Amino acid sequence: MNELRLVHTADVHLGHSSRAFGAAAAEHRRCLQEAFGRCIDLCLERQAHVLIVAGDLFDSPHPPESTVSVVQAQLSRLSQAQPPISCIILPGTHDLLKSGSIYDRWLAAGLGPRIDVLTAEQPLVHLADCDTMVWGPAPGQSGRPLVGLRPDPEARFNIAVVHGSVQIPGVVEDDEALITQQDIADSQMDYVALGHWHSFSDQSQGPVTALYCGSPEIVALDQASRGTALVVTIPTGGKANWEQVPTGRLKYNKQELNVADFAGQGEILAALLEEADPNKIVDIHLTGLVTPGQAIDSDELEIALADSFFRVRVTNDTHLPLEQLDESEYPPQLVAGRFVQLMKQRIEDAKQRDEGAVAQIAQQALQVGLALLEGREVLG
Ligand SMILES: [Mn+2]
């Protein structure tokens with residue numbers, strides 16, 4: 001055997017509630033499971049020797065039984081492959097190993113063939129068929145999982161699996177589990193499989209290849225990068241090669257729209273619908289000034305777009321320029337006039353108290369309320 005082939009995933013977060021996905025929550029939970037299934041497909045297609053899961057396979061130490069069954073069924077595809085494929089799982093920050101947790105129960109019941117969970121007691125696994133040492137966190141080094149790990153010179157390949165943050169001066173200074181760039185360089189490992197960050201990131205140092213694989217599917221609403229897994233090939237005595245392979249079906253798109261560029265809400269809606277895509281999460285940020293006759297109702301927009309995308313979020317930061325509001329058009333003895341007076345006061349008060357969010361809500365209430373009082377359709 002002259003090269004090691006592995007598939008590296010992490011942060012799958014199976015069993016996540018997906019609450020932020022609203023009506024698409026159940027579908028999102030299925031997306032996470034399907035993405036894990038694609039990691040298994042990838043192992044089979046590329047005839048990997050081992051699947052490495054660098055933490056947070058599950059979203060909690062006590063995932064739902066239905067989720068556990070899905071994972072077990074997928075893992076058995078690895079052990080039944082010819083030749084069989086190993087799987088090494090490191091507990092993460094969400095699915096930590098503790099009494100009564102899923103890993104505790106798996107370890108007590110005996111894991112399936114060729115499935116190992118790295119623990120403080122058993123932080124090292126030797127894969128005989130590919131003569132590979134897989135190292136979990138160094139015992140007794142809590143907070144610095146890579147400190148003190150050194151390759152076994154007798155083994156053909158040495159891999160470290162770590163769940164934590166790489167320290168980037170000025171950006172990432174501290175975490176429960178911290179890995180410094182020096183720790184990576186000093187480890188002399190053939191490969192460091194990192195987990196914890198949900199997007200791909202290359203943290204290689206000198207001859208040591210160290211990569212965050214990213215989640216195989218988008219886990220949270222604001223995750224910009226698509227789900228991927230890594231196929232890593234390490235030639236004997238050589239440097240690791242890697243390939244990022246798409247595993248997720250969701251994509252995320254953030255857009256800032258200035259309402260001044262559109263004639264009205266109807267035009268904004270039409271422009272957004274042109275990009276309709278059932279696999280797209282859209283995060284729309286509306287900015288700019290609206291005229292007194294133009295009202296933007298973000299809830300209405302969300303509802304109108306909901307069926308055309310996986311998930312839509314509209315944040316409304318538009319402003320009605322109060323100085324443009326001609327109060328002589330709204331005499332205070334009429335309902336509209338009284339409303340304008342009240343809302344202007346409320347906006348001013350909120351600004352005085354430095355309550356930006358309250359002022360923004362009052363702004364929107366003024367826009368929408370005024371339009372309704374004048375008998376205009378809000379969704380124009
Ligand atoms: Mn995670």
# chains A, B, ... in the order shown; residues from 1 in each chain; ligands from 1
>>> select_by_dssp(residues="segment 84-120 of chain A", states="strand (DSSP E or B)", output="count of residues only")
8
>>> residues_near_ligand(ligand="ligand 1", cutoff="6 Å", atoms="only C-alpha atoms and all ligand atoms", output="MDAnalysis selection string")
chainID A and resid 11 56 196
>>> select_by_dssp(residues="segment 8-120 of chain A", states="alpha helix (DSSP H)", output="ChimeraX atom specification")
/A:25-45,65-79,102-109
>>> write_last_selection(atoms="C-alpha atoms", output="PDB file, in the first residue's frame")
ATOM      1  CA  ALA A  25     -37.283  22.702   9.521  1.00  0.00           C
ATOM      2  CA  ALA A  26     -38.195  19.073   8.812  1.00  0.00           C
ATOM      3  CA  GLU A  27     -36.781  19.369   5.311  1.00  0.00           C
ATOM      4  CA  HIS A  28     -33.585  20.877   6.718  1.00  0.00           C
ATOM      5  CA  ARG A  29     -33.172  17.977   9.144  1.00  0.00           C
ATOM      6  CA  ARG A  30     -33.463  15.651   6.139  1.00  0.00           C
ATOM      7  CA  CYS A  31     -30.823  17.715   4.282  1.00  0.00           C
ATOM      8  CA  LEU A  32     -28.356  17.152   7.139  1.00  0.00           C
ATOM      9  CA  GLN A  33     -28.968  13.402   7.032  1.00  0.00           C
ATOM     10  CA  GLU A  34     -28.640  13.264   3.253  1.00  0.00           C
ATOM     11  CA  ALA A  35     -25.351  15.164   3.413  1.00  0.00           C
ATOM     12  CA  PHE A  36     -23.965  12.617   5.870  1.00  0.00           C
ATOM     13  CA  GLY A  37     -25.135   9.913   3.470  1.00  0.00           C
ATOM     14  CA  ARG A  38     -23.135  11.603   0.713  1.00  0.00           C
ATOM     15  CA  CYS A  39     -20.009  11.472   2.900  1.00  0.00           C
ATOM     16  CA  ILE A  40     -20.534   7.706   3.092  1.00  0.00           C
ATOM     17  CA  ASP A  41     -21.099   7.543  -0.702  1.00  0.00           C
ATOM     18  CA  LEU A  42     -17.827   9.394  -1.131  1.00  0.00           C
ATOM     19  CA  CYS A  43     -15.955   6.840   1.019  1.00  0.00           C
ATOM     20  CA  LEU A  44     -17.319   4.029  -1.145  1.00  0.00           C
ATOM     21  CA  GLU A  45     -16.735   5.764  -4.489  1.00  0.00           C
ATOM     22  CA  GLU A  65     -33.330   7.677  18.375  1.00  0.00           C
ATOM     23  CA  SER A  66     -34.472   8.119  14.765  1.00  0.00           C
ATOM     24  CA  THR A  67     -31.307  10.109  14.041  1.00  0.00           C
ATOM     25  CA  VAL A  68     -29.109   7.499  15.723  1.00  0.00           C
ATOM     26  CA  SER A  69     -30.674   4.762  13.562  1.00  0.00           C
ATOM     27  CA  VAL A  70     -29.947   6.739  10.401  1.00  0.00           C
ATOM     28  CA  VAL A  71     -26.298   7.111  11.420  1.00  0.00           C
ATOM     29  CA  GLN A  72     -25.979   3.429  12.325  1.00  0.00           C
ATOM     30  CA  ALA A  73     -27.450   2.393   8.968  1.00  0.00           C
ATOM     31  CA  GLN A  74     -25.014   4.673   7.140  1.00  0.00           C
ATOM     32  CA  LEU A  75     -22.010   3.429   9.142  1.00  0.00           C
ATOM     33  CA  SER A  76     -22.903  -0.168   8.412  1.00  0.00           C
ATOM     34  CA  ARG A  77     -22.496   0.615   4.701  1.00  0.00           C
ATOM     35  CA  LEU A  78     -18.829   1.254   5.495  1.00  0.00           C
ATOM     36  CA  SER A  79     -18.255  -1.933   7.451  1.00  0.00           C
ATOM     37  CA  ILE A 102     -24.874   8.451  22.761  1.00  0.00           C
ATOM     38  CA  TYR A 103     -21.110   7.722  22.677  1.00  0.00           C
ATOM     39  CA  ASP A 104     -21.177   6.420  26.242  1.00  0.00           C
ATOM     40  CA  ARG A 105     -23.963   4.016  25.249  1.00  0.00           C
ATOM     41  CA  TRP A 106     -22.202   3.021  22.023  1.00  0.00           C
ATOM     42  CA  LEU A 107     -18.975   2.327  23.881  1.00  0.00           C
ATOM     43  CA  ALA A 108     -20.805   0.269  26.532  1.00  0.00           C
ATOM     44  CA  ALA A 109     -22.742  -1.743  23.951  1.00  0.00           C
TER      45      ALA A 109
END
>>> atom_distance(atom1="atom CA of Pro145 of chain A", atom2="atom CA of Tyr191 of chain A")
14.8 Å
>>> closest_residue(among="A:Asn253, A:Gln167, A:Ser187, A:Ser225", to="Trp135 of chain A", atoms="only C-alpha atoms")
A:Ser187
>>> residues_around(residues="Lys251 of chain A", least_positions_apart="6", cutoff="10 Å", atoms="only C-alpha atoms", output="list of chain:residue names")
A:Glu217, A:Ile218, A:Gln223, A:Ala224, A:Ser225, A:Arg226, A:Gly227, A:Asp277, A:Pro278, A:Asn279, A:Lys280, A:Ile281, A:Val282, A:Phe310
>>> residues_around(residues="segment 323-340 of chain A", least_positions_apart="2", cutoff="10 Å", atoms="only C-alpha atoms", output="JSON, numbers by chain")
{"A": [291, 292, 293, 320, 321, 342, 343, 344, 345, 346, 365, 366, 367, 369, 370, 371, 372, 373, 374]}
>>> closest_residue(among="A:Glu267, A:Asp131, A:Asp190, A:Glu300", to="Gly237 of chain A", atoms="only C-alpha atoms")
A:Asp190
>>> residues_around(residues="Val53 of chain A", least_positions_apart="6", cutoff="12 Å", atoms="only C-alpha atoms", output="PyMOL selection string")
chain A and resi 6-13+36+39-40+75+86-92+95+115-118+134+136+160-163+192-196+212-216+229-230
>>> residues_around(residues="Thr132 of chain A", least_positions_apart="2", cutoff="9 Å", atoms="only C-alpha atoms", output="mmCIF file with C-alpha atoms, in the first residue's frame")
data_model
loop_
_atom_site.group_PDB
_atom_site.id
_atom_site.type_symbol
_atom_site.label_atom_id
_atom_site.label_comp_id
_atom_site.auth_asym_id
_atom_site.auth_seq_id
_atom_site.Cartn_x
_atom_site.Cartn_y
_atom_site.Cartn_z
ATOM 1 C CA LEU A 4 -3.646 6.499 2.409
ATOM 2 C CA VAL A 125 -6.409 3.933 17.261
ATOM 3 C CA HIS A 126 -4.130 1.895 15.039
ATOM 4 C CA LEU A 127 -5.661 0.916 11.718
ATOM 5 C CA ALA A 128 -3.764 -2.244 10.892
ATOM 6 C CA ASP A 129 -4.708 -2.646 7.230
ATOM 7 C CA CYS A 130 -3.317 0.783 6.309
ATOM 8 C CA VAL A 134 -5.046 8.091 14.433
ATOM 9 C CA ALA A 155 3.603 3.663 11.643
ATOM 10 C CA ARG A 156 3.341 4.422 7.954
ATOM 11 C CA PHE A 157 0.866 7.287 8.459
ATOM 12 C CA ASN A 158 0.018 9.509 11.439
ATOM 13 C CA ILE A 159 -3.202 11.489 11.583
#
>>> residues_around(residues="Pro235 of chain A", least_positions_apart="5", cutoff="8 Å", atoms="only C-alpha atoms", output="short mmCIF file (atom, residue, chain, number, x, y, z; two decimals) with N, CA and C atoms, in the first residue's frame")
data_model
loop_
_atom_site.label_atom_id
_atom_site.label_comp_id
_atom_site.auth_asym_id
_atom_site.auth_seq_id
_atom_site.Cartn_x
_atom_site.Cartn_y
_atom_site.Cartn_z
N ASN A 2 0.70 2.10 -1.02
CA ASN A 2 1.59 3.25 -1.05
C ASN A 2 0.91 4.59 -0.82
N GLU A 3 -0.39 4.58 -0.61
CA GLU A 3 -1.02 5.84 -0.22
C GLU A 3 -2.23 5.58 0.68
N LEU A 4 -2.49 6.57 1.52
CA LEU A 4 -3.65 6.50 2.41
C LEU A 4 -4.73 7.41 1.84
N ALA A 240 0.29 15.57 1.96
CA ALA A 240 -1.13 15.26 1.69
C ALA A 240 -1.68 16.10 0.53
#
>>> closest_residue(among="A:Ala54, A:Arg150, A:Asp175, A:Leu273", to="Asp307 of chain A", atoms="only C-alpha atoms")
A:Leu273
>>> atom_distance(atom1="atom CA of Val312 of chain A", atom2="atom CA of Ala220 of chain A")
13.0 Å
>>> atom_distance(atom1="atom CA of Gly288 of chain A", atom2="atom CA of Val259 of chain A")
5.6 Å
>>> decode(residues="segment 117-237 of chain A", atoms="C-alpha atoms", output="CSV table (one decimal), in the first residue's frame")
chain,number,residue,atom,x,y,z
A,117,VAL,CA,-14.7,6.7,19.2
A,118,LEU,CA,-11.6,8.5,20.4
A,119,THR,CA,-11.8,9.2,24.1
A,120,ALA,CA,-9.5,10.6,26.9
A,121,GLU,CA,-9.0,6.9,28.0
A,122,GLN,CA,-8.5,5.6,24.5
A,123,PRO,CA,-7.2,8.6,22.4
A,124,LEU,CA,-5.3,6.4,19.9
A,125,VAL,CA,-6.4,3.9,17.3
A,126,HIS,CA,-4.1,1.9,15.0
A,127,LEU,CA,-5.7,0.9,11.7
A,128,ALA,CA,-3.8,-2.2,10.9
A,129,ASP,CA,-4.7,-2.6,7.2
A,130,CYS,CA,-3.3,0.8,6.3
A,131,ASP,CA,-0.8,0.9,9.2
A,132,THR,CA,-2.1,4.3,10.3
A,133,MET,CA,-2.1,5.8,13.7
A,134,VAL,CA,-5.0,8.1,14.4
A,135,TRP,CA,-4.5,10.4,17.4
A,136,GLY,CA,-7.3,12.1,19.4
A,137,PRO,CA,-6.7,14.8,22.0
A,138,ALA,CA,-3.5,14.5,24.0
A,139,PRO,CA,-4.5,13.2,27.5
A,140,GLY,CA,-3.8,15.7,30.3
A,141,GLN,CA,-3.6,18.6,28.0
A,142,SER,CA,-7.1,20.0,28.4
A,143,GLY,CA,-7.6,23.2,26.5
A,144,ARG,CA,-4.6,22.5,24.1
A,145,PRO,CA,-5.5,19.3,22.3
A,146,LEU,CA,-2.5,19.1,20.0
A,147,VAL,CA,0.2,19.9,22.5
A,148,GLY,CA,2.5,17.0,23.0
A,149,LEU,CA,1.2,14.8,20.1
A,150,ARG,CA,4.0,13.4,18.1
A,151,PRO,CA,3.9,10.8,15.3
A,152,ASP,CA,4.8,7.2,15.8
A,153,PRO,CA,7.8,6.7,13.6
A,154,GLU,CA,7.0,3.0,13.3
A,155,ALA,CA,3.6,3.7,11.6
A,156,ARG,CA,3.3,4.4,8.0
A,157,PHE,CA,0.9,7.3,8.5
A,158,ASN,CA,0.0,9.5,11.4
A,159,ILE,CA,-3.2,11.5,11.6
A,160,ALA,CA,-4.4,13.8,14.4
A,161,VAL,CA,-8.1,14.6,14.9
A,162,VAL,CA,-9.0,17.7,16.8
A,163,HIS,CA,-12.1,19.7,17.5
A,164,GLY,CA,-11.3,23.3,18.4
A,165,SER,CA,-10.2,26.7,17.2
A,166,VAL,CA,-6.9,27.6,15.6
A,167,GLN,CA,-5.6,30.7,17.2
A,168,ILE,CA,-5.3,33.6,14.8
A,169,PRO,CA,-3.8,36.6,16.5
A,170,GLY,CA,-6.3,39.5,16.6
A,171,VAL,CA,-9.1,37.3,15.2
A,172,VAL,CA,-9.4,34.2,17.3
A,173,GLU,CA,-7.6,34.5,20.6
A,174,ASP,CA,-9.2,31.9,22.8
A,175,ASP,CA,-11.5,28.9,22.9
A,176,GLU,CA,-12.3,25.9,25.1
A,177,ALA,CA,-9.9,23.9,22.8
A,178,LEU,CA,-7.2,26.0,21.3
A,179,ILE,CA,-4.7,25.0,18.7
A,180,THR,CA,-1.8,27.4,17.9
A,181,GLN,CA,-0.1,27.5,14.5
A,182,GLN,CA,3.0,26.4,16.3
A,183,ASP,CA,1.2,23.4,17.7
A,184,ILE,CA,0.3,22.4,14.2
A,185,ALA,CA,3.8,22.8,12.9
A,186,ASP,CA,5.3,20.9,15.9
A,187,SER,CA,2.9,18.0,15.6
A,188,GLN,CA,4.8,16.6,12.5
A,189,MET,CA,1.6,14.8,11.6
A,190,ASP,CA,0.9,13.7,8.0
A,191,TYR,CA,-2.5,15.3,8.4
A,192,VAL,CA,-4.5,17.2,11.1
A,193,ALA,CA,-8.2,16.8,10.6
A,194,LEU,CA,-9.8,19.8,12.2
A,195,GLY,CA,-13.4,20.3,13.2
A,196,HIS,CA,-15.4,23.1,14.9
A,197,TRP,CA,-15.5,25.8,12.2
A,198,HIS,CA,-18.4,25.2,9.8
A,199,SER,CA,-16.6,26.5,6.7
A,200,PHE,CA,-13.6,25.1,5.0
A,201,SER,CA,-10.3,26.6,6.1
A,202,ASP,CA,-6.7,25.7,5.3
A,203,GLN,CA,-4.6,26.0,8.5
A,204,SER,CA,-1.5,24.1,7.2
A,205,GLN,CA,1.8,25.0,8.7
A,206,GLY,CA,5.0,24.2,6.9
A,207,PRO,CA,5.0,20.5,6.0
A,208,VAL,CA,1.9,19.7,8.1
A,209,THR,CA,-1.4,19.8,6.3
A,210,ALA,CA,-4.2,20.9,8.6
A,211,LEU,CA,-7.7,21.5,7.3
A,212,TYR,CA,-11.1,22.4,8.5
A,213,CYS,CA,-13.4,20.4,6.2
A,214,GLY,CA,-16.5,22.5,7.0
A,215,SER,CA,-20.0,21.1,7.6
A,216,PRO,CA,-21.3,18.8,4.9
A,217,GLU,CA,-24.5,20.8,4.8
A,218,ILE,CA,-25.4,24.4,5.8
A,219,VAL,CA,-26.3,24.1,9.5
A,220,ALA,CA,-27.3,27.7,10.4
A,221,LEU,CA,-29.1,30.4,8.5
A,222,ASP,CA,-26.1,32.7,8.0
A,223,GLN,CA,-23.6,30.1,6.7
A,224,ALA,CA,-22.2,31.5,3.5
A,225,SER,CA,-20.4,28.4,2.2
A,226,ARG,CA,-22.0,25.3,0.7
A,227,GLY,CA,-21.6,22.0,2.4
A,228,THR,CA,-18.5,20.0,1.4
A,229,ALA,CA,-16.3,17.1,2.6
A,230,LEU,CA,-12.6,16.5,2.0
A,231,VAL,CA,-11.0,13.6,0.2
A,232,VAL,CA,-7.4,13.5,1.4
A,233,THR,CA,-4.7,11.3,-0.2
A,234,ILE,CA,-1.4,10.9,1.5
A,235,PRO,CA,1.5,9.2,-0.4
A,236,THR,CA,3.9,7.3,1.8
A,237,GLY,CA,6.6,9.8,2.9
